[in-house]
Structures are given as C-alpha cells and as structure tokens.
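Chemist: Handing over target_28.cif, mmCIF, C-alpha atoms (C1' of nucleotides).
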```
data_run
#
loop_
_atom_site.label_atom_id
_atom_site.label_comp_id
_atom_site.auth_asym_id
_atom_site.auth_seq_id
_atom_site.Cartn_x
_atom_site.Cartn_y
_atom_site.Cartn_z
CA MET A 87 0.00 0.00 0.00
CA ARG A 88 2.03 2.88 -1.29
CA PHE A 89 1.67 6.16 -3.12
CA ASN A 90 3.22 5.99 -6.54
CA GLN A 91 6.26 7.82 -7.80
CA ALA A 92 4.23 10.47 -9.61
CA THR A 93 2.53 11.43 -6.35
CA ASP A 94 5.86 11.65 -4.58
CA TYR A 95 7.18 13.95 -7.32
CA ALA A 96 4.00 16.00 -7.09
CA PHE A 97 4.41 16.46 -3.34
CA ARG A 98 7.90 17.77 -3.90
CA THR A 99 6.89 19.95 -6.82
CA ILE A 100 4.20 21.67 -4.79
CA PHE A 101 6.50 22.01 -1.81
CA TYR A 102 9.05 23.63 -4.10
CA LEU A 103 6.51 26.06 -5.53
CA SER A 104 5.25 26.81 -2.03
CA ARG A 105 8.63 28.16 -1.11
CA GLN A 106 8.72 30.64 -4.01
CA GLU A 107 7.31 34.17 -3.96
CA PRO A 108 3.55 34.10 -4.38
CA ASN A 109 2.58 33.88 -8.06
CA GLU A 110 6.18 33.46 -9.12
CA ILE A 111 6.36 31.44 -12.31
CA VAL A 112 8.91 28.66 -12.32
CA GLU A 113 9.64 26.58 -15.39
CA ALA A 114 9.50 22.79 -15.28
CA LYS A 115 13.19 22.53 -16.05
CA GLN A 116 14.12 24.35 -12.88
CA ILE A 117 11.85 22.23 -10.69
CA ALA A 118 13.12 19.06 -12.32
CA GLU A 119 16.73 20.00 -11.70
CA LYS A 120 16.31 21.20 -8.14
CA GLU A 121 14.14 18.26 -7.14
CA ASN A 122 15.91 15.61 -9.19
CA ILE A 123 12.84 14.58 -11.14
CA PRO A 124 12.92 13.32 -14.76
CA ILE A 125 11.62 16.32 -16.66
CA ARG A 126 9.37 14.51 -19.13
CA PHE A 127 7.71 12.65 -16.33
CA LEU A 128 7.37 15.82 -14.32
CA LEU A 129 5.69 17.63 -17.21
CA LYS A 130 3.16 14.84 -17.50
CA THR A 131 2.50 14.74 -13.79
CA VAL A 132 2.18 18.48 -13.33
CA ARG A 133 -0.58 18.52 -15.90
CA LEU A 134 -2.72 16.59 -13.44
CA LEU A 135 -2.09 19.29 -10.88
CA THR A 136 -3.14 22.04 -13.27
CA GLN A 137 -6.24 20.11 -14.25
CA ALA A 138 -7.10 19.90 -10.56
CA GLY A 139 -6.72 23.66 -10.20
CA ILE A 140 -3.76 23.41 -7.85
CA VAL A 141 -1.26 25.09 -10.15
CA ASN A 142 -1.57 27.51 -13.04
CA SER A 143 0.43 26.89 -16.19
CA TYR A 144 1.84 29.47 -18.58
CA ARG A 145 3.01 28.58 -22.06
CA GLY A 146 5.61 30.17 -24.26
CA LEU A 147 8.75 32.06 -23.42
CA LYS A 148 8.84 32.98 -19.73
CA GLY A 149 6.23 30.33 -19.17
CA GLY A 150 6.13 27.74 -16.43
CA TYR A 151 4.06 26.97 -13.37
CA ALA A 152 2.85 28.83 -10.32
CA LEU A 153 0.60 27.82 -7.47
CA ALA A 154 -3.06 28.58 -8.09
CA LYS A 155 -3.76 28.77 -4.35
CA ASP A 156 -2.17 29.80 -1.13
CA PRO A 157 -0.03 26.97 0.33
CA LYS A 158 -2.21 27.10 3.42
CA ASP A 159 -5.11 25.96 1.23
CA ILE A 160 -3.37 22.96 -0.34
CA THR A 161 -3.24 19.69 1.60
CA LEU A 162 -1.41 16.43 0.98
CA ARG A 163 -4.80 14.93 0.28
CA ASP A 164 -5.40 17.41 -2.54
CA ILE A 165 -2.20 16.27 -4.23
CA VAL A 166 -2.95 12.58 -3.81
CA GLU A 167 -6.41 12.97 -5.24
CA ALA A 168 -5.19 15.07 -8.16
CA VAL A 169 -2.56 12.51 -9.15
CA GLU A 170 -4.02 9.12 -8.18
CA GLY A 171 -7.65 9.87 -7.65
CA PRO A 172 -9.34 9.27 -4.31
CA VAL A 173 -7.72 6.93 -1.80
CA LEU A 174 -9.50 3.57 -1.96
CA ILE A 175 -7.69 1.14 0.29
CA ASN A 176 -9.65 -1.88 -0.95
CA LYS A 177 -11.21 -2.64 -4.32
CA CYS A 178 -14.70 -3.01 -2.91
CA LEU A 179 -14.60 0.50 -1.46
CA GLY A 180 -14.42 1.88 -4.99
CA ASP A 181 -16.97 -0.38 -6.59
CA PRO A 182 -18.97 -2.85 -4.46
CA LYS A 183 -19.27 -5.11 -7.49
CA GLU A 184 -15.53 -5.76 -7.25
CA CYS A 185 -16.12 -8.09 -4.29
CA SER A 186 -15.54 -11.63 -5.59
CA LYS A 187 -18.09 -12.83 -3.07
CA ASP A 188 -20.54 -10.05 -3.97
CA ALA A 189 -20.87 -9.41 -0.25
CA ALA A 190 -19.98 -5.74 -0.10
CA SER A 191 -23.37 -4.62 1.11
CA TRP A 192 -23.13 -6.46 4.40
CA CYS A 193 -19.39 -7.24 4.78
CA PRO A 194 -17.97 -6.20 8.16
CA VAL A 195 -14.40 -6.27 6.85
CA ARG A 196 -15.42 -3.66 4.32
CA ARG A 197 -17.02 -1.53 7.01
CA ALA A 198 -13.89 -1.57 9.12
CA LEU A 199 -11.70 -0.80 6.12
CA TYR A 200 -13.94 2.11 5.28
CA ARG A 201 -13.22 3.59 8.70
CA VAL A 202 -9.49 3.07 8.21
CA GLN A 203 -9.79 4.86 4.90
CA GLN A 204 -11.62 7.74 6.52
CA ALA A 205 -8.89 8.03 9.13
CA ALA A 206 -6.21 8.09 6.45
CA ASN A 207 -8.05 10.74 4.47
CA LYS A 208 -8.59 12.82 7.56
CA GLU A 209 -4.92 12.72 8.39
CA LEU A 210 -3.87 13.50 4.80
CA GLY A 211 -6.24 16.46 4.83
CA LYS A 212 -4.64 17.79 7.98
CA TYR A 213 -1.33 18.77 6.48
CA THR A 214 -1.19 21.89 4.33
CA PHE A 215 1.92 23.00 2.49
CA ASN A 216 2.06 25.88 4.88
CA ASP A 217 2.36 23.33 7.66
CA LEU A 218 5.16 21.62 5.77
CA ILE A 219 7.06 24.87 5.52
CA LYS A 220 6.61 25.29 9.25
CA ILE A 221 7.79 21.75 9.89
CA TYR A 222 10.78 22.52 7.71
CA GLU A 223 11.58 25.69 9.66
CA THR A 224 11.24 24.15 13.09
CA GLU A 225 12.43 20.58 12.65
CA CYS A 226 14.63 20.45 9.61
CA LYS A 227 16.33 23.71 8.66
CA LYS A 228 18.56 24.02 11.69
CA GLN A 229 20.28 20.75 10.96
CA MET B 66 -2.97 3.28 -2.68
CA ARG B 67 -4.73 0.00 -2.23
CA PHE B 68 -4.32 -3.33 -0.51
CA ASN B 69 -3.82 -6.12 -2.98
CA GLN B 70 -6.13 -8.99 -3.77
CA ALA B 71 -4.21 -11.46 -1.63
CA THR B 72 -4.73 -9.26 1.41
CA ASP B 73 -8.42 -8.98 0.69
CA TYR B 74 -8.67 -12.77 0.43
CA ALA B 75 -6.71 -13.11 3.65
CA PHE B 76 -9.09 -10.78 5.49
CA ARG B 77 -12.00 -12.92 4.40
CA THR B 78 -10.21 -16.18 5.18
CA ILE B 79 -9.49 -15.10 8.73
CA PHE B 80 -12.99 -13.76 9.15
CA TYR B 81 -14.30 -17.10 7.98
CA LEU B 82 -12.11 -19.04 10.40
CA SER B 83 -13.07 -16.65 13.18
CA ARG B 84 -16.66 -17.73 12.85
CA GLN B 85 -15.86 -21.45 13.31
CA GLU B 86 -15.65 -23.27 16.60
CA PRO B 87 -12.31 -22.55 18.29
CA ASN B 88 -9.55 -24.83 16.95
CA GLU B 89 -11.84 -26.27 14.31
CA ILE B 90 -9.82 -27.36 11.30
CA VAL B 91 -11.20 -26.25 7.95
CA GLU B 92 -9.71 -27.33 4.67
CA ALA B 93 -8.69 -24.80 2.02
CA LYS B 94 -11.25 -26.15 -0.41
CA GLN B 95 -14.11 -25.24 1.91
CA ILE B 96 -12.84 -21.72 2.54
CA ALA B 97 -12.24 -21.21 -1.17
CA GLU B 98 -15.76 -22.29 -2.06
CA LYS B 99 -17.54 -20.35 0.65
CA GLU B 100 -15.54 -17.20 0.09
CA ASN B 101 -15.27 -17.46 -3.68
CA ILE B 102 -11.50 -17.41 -3.76
CA PRO B 103 -9.37 -19.26 -6.37
CA ILE B 104 -8.08 -22.22 -4.40
CA ARG B 105 -4.50 -22.25 -5.69
CA PHE B 106 -4.15 -18.61 -4.91
CA LEU B 107 -5.70 -19.09 -1.51
CA LEU B 108 -3.28 -21.90 -0.66
CA LYS B 109 -0.36 -19.67 -1.54
CA THR B 110 -1.71 -16.76 0.45
CA VAL B 111 -2.63 -18.74 3.56
CA ARG B 112 0.94 -19.92 3.81
CA LEU B 113 1.92 -16.33 4.64
CA LEU B 114 -0.60 -16.38 7.44
CA THR B 115 0.80 -19.59 8.89
CA GLN B 116 4.34 -18.24 8.62
CA ALA B 117 3.16 -15.22 10.60
CA GLY B 118 1.74 -17.47 13.29
CA ILE B 119 -1.84 -16.38 12.67
CA VAL B 120 -3.13 -19.76 11.56
CA ASN B 121 -1.98 -23.33 12.17
CA SER B 122 -1.85 -25.71 9.25
CA TYR B 123 -2.39 -29.46 9.29
CA ARG B 124 -1.37 -31.72 6.45
CA GLY B 125 -2.79 -34.98 5.27
CA LEU B 126 -6.22 -36.47 5.52
CA LYS B 127 -8.44 -34.37 7.80
CA GLY B 128 -5.92 -31.59 7.43
CA GLY B 129 -6.61 -27.92 6.83
CA TYR B 130 -6.29 -24.67 8.72
CA ALA B 131 -7.34 -23.33 12.10
CA LEU B 132 -6.71 -20.03 13.82
CA ALA B 133 -3.59 -20.02 15.96
CA LYS B 134 -4.99 -17.23 18.17
CA ASP B 135 -8.22 -15.96 19.56
CA PRO B 136 -10.01 -13.66 17.08
CA LYS B 137 -9.84 -10.94 19.72
CA ASP B 138 -6.07 -11.04 19.35
CA ILE B 139 -5.92 -10.72 15.56
CA THR B 140 -6.19 -7.28 14.01
CA LEU B 141 -6.55 -6.11 10.41
CA ARG B 142 -3.03 -4.79 10.75
CA ASP B 143 -1.71 -8.27 11.57
CA ILE B 144 -3.18 -9.59 8.34
CA VAL B 145 -1.85 -6.74 6.22
CA GLU B 146 1.62 -7.14 7.64
CA ALA B 147 1.59 -10.90 7.19
CA VAL B 148 0.61 -10.66 3.54
CA GLU B 149 2.15 -7.42 2.26
CA GLY B 150 4.67 -6.57 4.90
CA PRO B 151 4.49 -3.34 6.88
CA VAL B 152 2.48 -0.45 5.48
CA LEU B 153 4.88 2.02 3.87
CA ILE B 154 2.86 4.76 2.22
CA ASN B 155 5.88 6.26 0.46
CA LYS B 156 9.08 4.69 -0.82
CA CYS B 157 11.30 6.86 1.35
CA LEU B 158 9.58 5.64 4.50
CA GLY B 159 10.87 2.15 3.81
CA ASP B 160 14.37 3.06 2.73
CA PRO B 161 15.54 6.69 2.95
CA LYS B 162 17.92 6.01 0.08
CA GLU B 163 14.90 5.65 -2.20
CA CYS B 164 14.46 9.42 -2.26
CA SER B 165 15.58 10.57 -5.70
CA LYS B 166 16.70 13.83 -4.12
CA ASP B 167 18.45 12.03 -1.24
CA ALA B 168 16.66 14.41 1.09
CA ALA B 169 14.88 11.97 3.35
CA SER B 170 16.77 12.99 6.48
CA TRP B 171 15.34 16.51 6.51
CA CYS B 172 12.29 16.32 4.20
CA PRO B 173 9.13 17.75 5.76
CA VAL B 174 6.90 15.92 3.28
CA ARG B 175 8.35 12.68 4.54
CA ARG B 176 7.74 13.70 8.14
CA ALA B 177 4.11 14.47 7.47
CA LEU B 178 3.65 11.24 5.53
CA TYR B 179 5.16 9.35 8.41
CA ARG B 180 2.44 10.71 10.66
CA VAL B 181 -0.22 9.74 8.16
CA GLN B 182 1.25 6.26 8.08
CA GLN B 183 1.19 6.08 11.86
CA ALA B 184 -2.46 7.08 11.86
CA ALA B 185 -3.30 4.41 9.30
CA ASN B 186 -1.45 1.75 11.28
CA LYS B 187 -3.12 2.81 14.48
CA GLU B 188 -6.54 2.54 12.90
CA LEU B 189 -5.74 -0.82 11.29
CA GLY B 190 -4.57 -2.07 14.67
CA LYS B 191 -7.85 -1.04 16.26
CA TYR B 192 -10.04 -3.63 14.58
CA THR B 193 -9.82 -7.21 15.79
CA PHE B 194 -11.72 -10.06 14.17
CA ASN B 195 -13.79 -10.20 17.30
CA ASP B 196 -14.81 -6.62 16.55
CA LEU B 197 -15.69 -7.64 13.01
CA ILE B 198 -17.95 -10.38 14.27
CA LYS B 199 -19.61 -7.82 16.53
CA ILE B 200 -20.02 -5.40 13.64
CA TYR B 201 -21.53 -8.25 11.68
CA GLU B 202 -23.99 -9.06 14.46
CA THR B 203 -25.09 -5.50 15.08
CA GLU B 204 -24.92 -3.85 11.67
CA CYS B 205 -25.15 -6.54 9.06
CA LYS B 206 -26.85 -9.74 10.11
CA LYS B 207 -30.33 -8.33 10.62
CA GLN B 208 -30.53 -7.22 7.01
"C1'" DC C 126 -0.02 -48.66 1.48
"C1'" DA C 127 -3.48 -45.55 -0.50
"C1'" DA C 128 -5.83 -41.42 -0.24
"C1'" DT C 129 -5.87 -36.67 0.93
"C1'" DT C 130 -4.20 -32.55 2.33
"C1'" DT C 131 -0.59 -28.83 2.64
"C1'" DT C 132 4.03 -27.21 0.89
"C1'" DA C 133 7.56 -25.77 -2.27
"C1'" DT C 134 8.91 -24.17 -6.53
"C1'" DA C 135 8.33 -22.48 -10.71
"C1'" DC C 136 5.92 -20.59 -14.27
"C1'" DC C 137 2.69 -17.61 -17.00
"C1'" DT C 138 -0.32 -13.73 -18.51
"C1'" DT C 139 -2.19 -9.27 -17.79
"C1'" DT C 140 -2.05 -4.82 -15.78
"C1'" DT C 141 0.32 -1.08 -13.77
"C1'" DT C 142 4.22 1.74 -13.29
"C1'" DG C 143 7.75 4.73 -14.59
"C1'" DG C 144 9.59 6.90 -18.18
"C1'" DT C 145 10.52 8.60 -23.16
"C1'" DA C 146 9.62 10.61 -27.98
"C1'" DT C 147 7.41 13.51 -31.34
"C1'" DA C 148 4.66 16.82 -33.07
"C1'" DT C 149 1.72 20.77 -31.80
"C1'" DT C 150 0.18 24.89 -29.58
"C1'" DT C 151 0.95 29.15 -27.14
"C1'" DA C 152 3.40 33.17 -25.78
"C1'" DT C 153 7.44 36.36 -25.72
"C1'" DA C 154 11.09 39.22 -27.43
"C1'" DT C 155 13.43 41.14 -31.06
"C1'" DA D 245 6.69 38.66 -38.63
"C1'" DT D 246 9.70 35.53 -37.00
"C1'" DA D 247 12.72 32.86 -34.12
"C1'" DT D 248 12.71 30.99 -29.71
"C1'" DA D 249 11.19 28.80 -25.68
"C1'" DA D 250 7.92 27.08 -23.01
"C1'" DA D 251 3.74 23.78 -22.00
"C1'" DT D 252 0.39 20.29 -24.18
"C1'" DA D 253 -1.35 16.18 -26.45
"C1'" DT D 254 -0.71 11.76 -27.91
"C1'" DA D 255 1.44 7.77 -28.28
"C1'" DC D 256 4.71 4.56 -27.25
"C1'" DC D 257 7.89 1.38 -24.60
"C1'" DA D 258 10.25 -1.61 -21.09
"C1'" DA D 259 10.34 -3.33 -16.56
"C1'" DA D 260 8.02 -4.62 -12.54
"C1'" DA D 261 4.11 -6.15 -9.94
"C1'" DA D 262 -0.19 -8.43 -9.61
"C1'" DG D 263 -3.04 -12.25 -10.03
"C1'" DG D 264 -3.32 -16.75 -10.93
"C1'" DT D 265 -1.95 -21.70 -12.44
"C1'" DA D 266 0.76 -26.24 -12.61
"C1'" DT D 267 3.55 -29.92 -10.91
"C1'" DA D 268 5.97 -32.56 -7.85
"C1'" DA D 269 7.01 -33.50 -3.07
"C1'" DA D 270 6.07 -34.13 1.85
"C1'" DA D 271 3.12 -35.23 5.67
"C1'" DT D 272 -0.82 -37.39 7.91
"C1'" DT D 273 -4.66 -40.51 8.51
"C1'" DG D 274 -7.07 -44.83 8.13
#
```
What do you get writing this file as structure tokens?

Modeler:
Amino acid sequence: MRFNQATDYAFRTIFYLSRQEPNEIVEAKQIAEKENIPIRFLLKTVRLLTQAGIVNSYRGLKGGYALAKDPKDITLRDIVEAVEGPVLINKCLGDPKECSKDAASWCPVRRALYRVQQAANKELGKYTFNDLIKIYETECKKQ
Amino acid sequence: MRFNQATDYAFRTIFYLSRQEPNEIVEAKQIAEKENIPIRFLLKTVRLLTQAGIVNSYRGLKGGYALAKDPKDITLRDIVEAVEGPVLINKCLGDPKECSKDAASWCPVRRALYRVQQAANKELGKYTFNDLIKIYETECKKQ
DNA sequence: CAATTTTATACCTTTTTGGTATATTTATAT
DNA sequence: ATATAAATATACCAAAAAGGTATAAAATTG
C-alpha cells in the first residue's frame, strides 16, 4: 500500500513552488533540476495538478508553473487525489461489485476498512503546504 | 494506494475461520468455495498467514487450517503485515535512500507522511476479528 | 499402502508503473 | 513577422508487480 512515484514527485513539486514568492512562475526545467525529477515525467504529472486547479500553467517564453492557491489551502490529500484519484484502500470501497463474493453490502471487513480509509483521508487532509514549511523551519532547517 | 487482492482474500479467510468453533480445522477447499476465492491462490496466500503465526496448518487427511490465536487477538493490521509486509505509504519511508533527491533525512513531506502512516497503522490495529464479528452481528446480520 | 491434504517451486499472462519521444500549440522578445 | 522557448497532447515502450496456475514433493490418517 504505497503512493506511486508520480505522487511523490507532485508532493515535492508543490512544496518547491510553495517556497517561491507568491505567483512566481517557475519553469519545469528548474523544478526538475532542483528536485531531481525526470523532466518529461514531471511535465506529464504536473498537468494533473493544473487540471485539478492546484497550479496555473503558462506557455511560451517565460512560461512555467505557479501555485493557483495559497499553500495554506493545499493539503497532501489534494495532491494525492489530483494525481491518483481518491484513496480507496480496498477494491470493494471503490466499486462494491468488485467483491468476488458479492458481499460488499453487508461485509464487516469492508465496514472496518472504510473507517481506516476515513482516518487516512482525515490525516492526509490535515497537512497543508504551509504546515510543511513550518515543519521545515522548526524541525529540519537548523540541521 | 490499495491493498492487494491477496490481502483482501486473507481478510475474508481469517474472518471465515473466526466464525468457526475454536480450533476447528477447515480445509482450504471449503474456505475457497464459501468465500469465492481461487483455491490455488488461496493456498499460496494462507501460507503467509501460517508463517506469521496467525493460523496453524495441518497436512494430510483431515488436514486444513485453524486459527492459531483468539479472534480478539488478531487485528486487520496483523493480516496486512503478514501478507504485504508493513504499510509504507511512500518509498522513502521504507528506505531513505529511495528518495531521488536524497533528502529523506530533513524532508518535511516525509515527516508528514510518516504521521499519516502512523495514523493508518493505528486505525488498522484497532479492529480485531472479534470486533468484526460484533459489527456483523449488530450492523449486518439483521438485514 | 493408498488417499488426501498442505508445501515448495516455478511458471505464466495481464495490468500497472515509470519513463521517453514527437509533433503541436501558445506566448514572448526582437 | 519571426525565431525561440515554453507547455500540451498523444502515443509509445520496457520493466516490474499483480493475479493466478501447474507440478511434484512431503506429511498425515485410516
């Protein structure tokens, strides 16, 4: 049970943009170099973030990407959902018909897993990129 | 971010065994039929559960599987860890060297994700198979 | 010893993942 | 206008993981 590489890159991309001046446009190349992300893959992934309204994109010379929102209004959950879609920790939680026993409607395992999923979503929704900057300042930067 | 099919089958296998008389031996064929699980795949998966000490296996005529513990002492987390290994929601949480930026030691994204992972584990550890039987009795059976 | 059950190992096919390539569109600066 | 530089759209590809199957061996019972 793991987030995929694209999501990891997206986290770092948004964290990088969060540390720039508000509305500062940064080109993909710069993000890719600073964050050590394959540029082609980054370009593809960032498109999901623009489609989700998390970043704005600008084409042409002097183009690039900038956050579409304040970092305090972007959570880890937003990124996950933009890149991978909603967290569904078991097949049957996406589509009840996926249960090979066709028991989703009354299955207690499913009910418990649903609560685990809710807890995970809640926790993912807790952390904004503003929080991450604060964590960085207080726990990381001094080292 | 999803548990795999083997884990799902394992949840249902343990739930099935939890509803038998204590120490009752049930053969794989019966579990597979009742739970609609491909038998070969089930046999392979259950081996992980025996290796983890969650079920006992008995070979030969009248052989099969029985729980090695009381259902009140088996949690969803135990099953997940037996089948998939520990929950690691991002690569870098397993091995810090997996970070393509080699930034794991100070990365605030990683720190936040670690907390999310802890929350997920905590919640998974909350539900025992005794709880699931109770959920079944109170929320499901009457329907 | 024969029948039945799990175990061990290996294999196979399909899907997902991670990444790349090419051509196109948009915007800027000269 | 035109050359340049950026994102976009589409398609493609290889490697890994997922999901499942097959066969032979080992253990247990009657």

Chemist: For chain A, report every residue with an atom at most 9 Å from chain B (counting all atoms listed in the file), formatted as a VMD selection string.

Modeler: chain A and resid 87 to 91 94 97 to 98 101 120 to 123 162 170 172 to 177 186 to 187 191 to 195 197 to 199 201 to 203 205 to 210 213 215 217 to 222 225 to 227 229

Chemist: Taking only C-alpha atoms (C1' of nucleotides) into account, what are the residues of chain B at most 6 Å from chain D, put as a ChimeraX atom specification?

Modeler: /B:124-126

Chemist: I'd like the superposed copy of chain A - fitted to chain B by least squares over all paired Cα atoms - as a short mmCIF file (atom, residue, chain, number, x, y, z; two decimals) with C-alpha atoms, keeping the file's coordinate frame.

Modeler:
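As written to disk, selection-v2.cif reads:
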```cif
data_model
loop_
_atom_site.label_atom_id
_atom_site.label_comp_id
_atom_site.auth_asym_id
_atom_site.auth_seq_id
_atom_site.Cartn_x
_atom_site.Cartn_y
_atom_site.Cartn_z
CA MET A 87 -2.99 3.27 -2.69
CA ARG A 88 -4.72 -0.02 -2.23
CA PHE A 89 -4.32 -3.35 -0.49
CA ASN A 90 -3.79 -6.12 -2.97
CA GLN A 91 -6.09 -8.99 -3.77
CA ALA A 92 -4.18 -11.47 -1.63
CA THR A 93 -4.71 -9.27 1.43
CA ASP A 94 -8.40 -8.99 0.68
CA TYR A 95 -8.66 -12.78 0.43
CA ALA A 96 -6.69 -13.10 3.66
CA PHE A 97 -9.08 -10.78 5.49
CA ARG A 98 -11.98 -12.92 4.40
CA THR A 99 -10.21 -16.17 5.17
CA ILE A 100 -9.49 -15.10 8.73
CA PHE A 101 -12.99 -13.74 9.15
CA TYR A 102 -14.31 -17.10 7.98
CA LEU A 103 -12.12 -19.03 10.40
CA SER A 104 -13.08 -16.64 13.18
CA ARG A 105 -16.66 -17.71 12.85
CA GLN A 106 -15.88 -21.42 13.28
CA GLU A 107 -15.65 -23.27 16.60
CA PRO A 108 -12.34 -22.56 18.28
CA ASN A 109 -9.59 -24.84 16.94
CA GLU A 110 -11.89 -26.27 14.31
CA ILE A 111 -9.88 -27.34 11.29
CA VAL A 112 -11.25 -26.24 7.96
CA GLU A 113 -9.74 -27.33 4.67
CA ALA A 114 -8.72 -24.80 2.04
CA LYS A 115 -11.27 -26.14 -0.40
CA GLN A 116 -14.13 -25.24 1.89
CA ILE A 117 -12.86 -21.71 2.52
CA ALA A 118 -12.25 -21.20 -1.18
CA GLU A 119 -15.77 -22.28 -2.07
CA LYS A 120 -17.56 -20.35 0.64
CA GLU A 121 -15.55 -17.19 0.07
CA ASN A 122 -15.27 -17.45 -3.70
CA ILE A 123 -11.49 -17.42 -3.76
CA PRO A 124 -9.37 -19.26 -6.37
CA ILE A 125 -8.09 -22.22 -4.39
CA ARG A 126 -4.52 -22.28 -5.67
CA PHE A 127 -4.12 -18.63 -4.90
CA LEU A 128 -5.69 -19.11 -1.50
CA LEU A 129 -3.29 -21.93 -0.64
CA LYS A 130 -0.36 -19.71 -1.50
CA THR A 131 -1.70 -16.78 0.45
CA VAL A 132 -2.63 -18.75 3.55
CA ARG A 133 0.94 -19.93 3.82
CA LEU A 134 1.92 -16.36 4.64
CA LEU A 135 -0.60 -16.38 7.44
CA THR A 136 0.79 -19.60 8.89
CA GLN A 137 4.32 -18.28 8.63
CA ALA A 138 3.18 -15.25 10.60
CA GLY A 139 1.73 -17.48 13.31
CA ILE A 140 -1.84 -16.38 12.68
CA VAL A 141 -3.13 -19.76 11.57
CA ASN A 142 -2.01 -23.32 12.17
CA SER A 143 -1.87 -25.73 9.26
CA TYR A 144 -2.45 -29.48 9.32
CA ARG A 145 -1.39 -31.74 6.48
CA GLY A 146 -2.79 -35.02 5.30
CA LEU A 147 -6.28 -36.42 5.45
CA LYS A 148 -8.48 -34.35 7.75
CA GLY A 149 -5.96 -31.58 7.42
CA GLY A 150 -6.63 -27.92 6.84
CA TYR A 151 -6.31 -24.67 8.74
CA ALA A 152 -7.36 -23.33 12.10
CA LEU A 153 -6.73 -20.04 13.82
CA ALA A 154 -3.61 -20.03 15.97
CA LYS A 155 -5.01 -17.25 18.17
CA ASP A 156 -8.23 -15.98 19.58
CA PRO A 157 -10.01 -13.67 17.09
CA LYS A 158 -9.85 -10.95 19.71
CA ASP A 159 -6.06 -11.06 19.37
CA ILE A 160 -5.91 -10.74 15.58
CA THR A 161 -6.18 -7.28 14.02
CA LEU A 162 -6.53 -6.12 10.43
CA ARG A 163 -3.01 -4.80 10.76
CA ASP A 164 -1.70 -8.28 11.58
CA ILE A 165 -3.16 -9.60 8.34
CA VAL A 166 -1.82 -6.75 6.23
CA GLU A 167 1.65 -7.15 7.64
CA ALA A 168 1.62 -10.92 7.21
CA VAL A 169 0.63 -10.68 3.55
CA GLU A 170 2.19 -7.44 2.27
CA GLY A 171 4.69 -6.60 4.92
CA PRO A 172 4.51 -3.36 6.88
CA VAL A 173 2.49 -0.46 5.49
CA LEU A 174 4.89 2.02 3.89
CA ILE A 175 2.87 4.74 2.22
CA ASN A 176 5.88 6.27 0.46
CA LYS A 177 9.09 4.71 -0.83
CA CYS A 178 11.31 6.87 1.34
CA LEU A 179 9.59 5.66 4.50
CA GLY A 180 10.91 2.17 3.80
CA ASP A 181 14.39 3.11 2.73
CA PRO A 182 15.57 6.74 2.94
CA LYS A 183 17.95 6.06 0.06
CA GLU A 184 14.93 5.68 -2.22
CA CYS A 185 14.48 9.47 -2.26
CA SER A 186 15.58 10.63 -5.72
CA LYS A 187 16.67 13.89 -4.14
CA ASP A 188 18.43 12.09 -1.27
CA ALA A 189 16.63 14.47 1.06
CA ALA A 190 14.89 12.01 3.34
CA SER A 191 16.75 13.05 6.45
CA TRP A 192 15.33 16.55 6.49
CA CYS A 193 12.27 16.36 4.17
CA PRO A 194 9.11 17.78 5.74
CA VAL A 195 6.88 15.96 3.26
CA ARG A 196 8.35 12.72 4.53
CA ARG A 197 7.73 13.73 8.13
CA ALA A 198 4.09 14.48 7.45
CA LEU A 199 3.65 11.24 5.52
CA TYR A 200 5.17 9.36 8.40
CA ARG A 201 2.45 10.71 10.67
CA VAL A 202 -0.22 9.73 8.16
CA GLN A 203 1.27 6.26 8.10
CA GLN A 204 1.20 6.07 11.87
CA ALA A 205 -2.45 7.08 11.87
CA ALA A 206 -3.28 4.40 9.32
CA ASN A 207 -1.43 1.75 11.29
CA LYS A 208 -3.11 2.81 14.49
CA GLU A 209 -6.52 2.53 12.91
CA LEU A 210 -5.73 -0.85 11.30
CA GLY A 211 -4.56 -2.10 14.68
CA LYS A 212 -7.83 -1.07 16.27
CA TYR A 213 -10.02 -3.64 14.60
CA THR A 214 -9.82 -7.23 15.81
CA PHE A 215 -11.71 -10.07 14.18
CA ASN A 216 -13.78 -10.21 17.30
CA ASP A 217 -14.81 -6.64 16.56
CA LEU A 218 -15.69 -7.65 13.01
CA ILE A 219 -17.95 -10.39 14.29
CA LYS A 220 -19.61 -7.83 16.53
CA ILE A 221 -20.00 -5.42 13.64
CA TYR A 222 -21.52 -8.26 11.67
CA GLU A 223 -23.99 -9.07 14.45
CA THR A 224 -25.08 -5.51 15.07
CA GLU A 225 -24.92 -3.86 11.67
CA CYS A 226 -25.12 -6.55 9.06
CA LYS A 227 -26.86 -9.76 10.12
CA LYS A 228 -30.32 -8.33 10.58
CA GLN A 229 -30.52 -7.22 6.99
#
```

Chemist: Taking the file as shown, what set of residues would the PyMOL selection byres ((chain B) within 12 of (chain C)) give back, as a PyMOL selection string?

Modeler: chain B and resi 90-94+105+107-113+115-116+121-130

Chemist: As an exercise, work out the distance from CA of Asp164 (chain A) to CA of Leu135 (chain A) in Å and give it to one decimal place.

Modeler: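 Interatomic distance, CA of Asp164 (chain A) to CA of Leu135 (chain A): 9.2 Å.
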
Chemist: Which value, in Å to one decimal, gives the distance between CA of Ile96 (chain B) and CA of Pro136 (chain B)?

Modeler: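 Interatomic distance here is 16.9 Å.
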
Chemist: Record the distance separating CA of Ile165 (chain A) and CA of Ala152 (chain A), expressed in Å with one decimal.

Modeler: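 About the pair CA of Ile165 (chain A) and CA of Ala152 (chain A): they are 14.8 Å apart.
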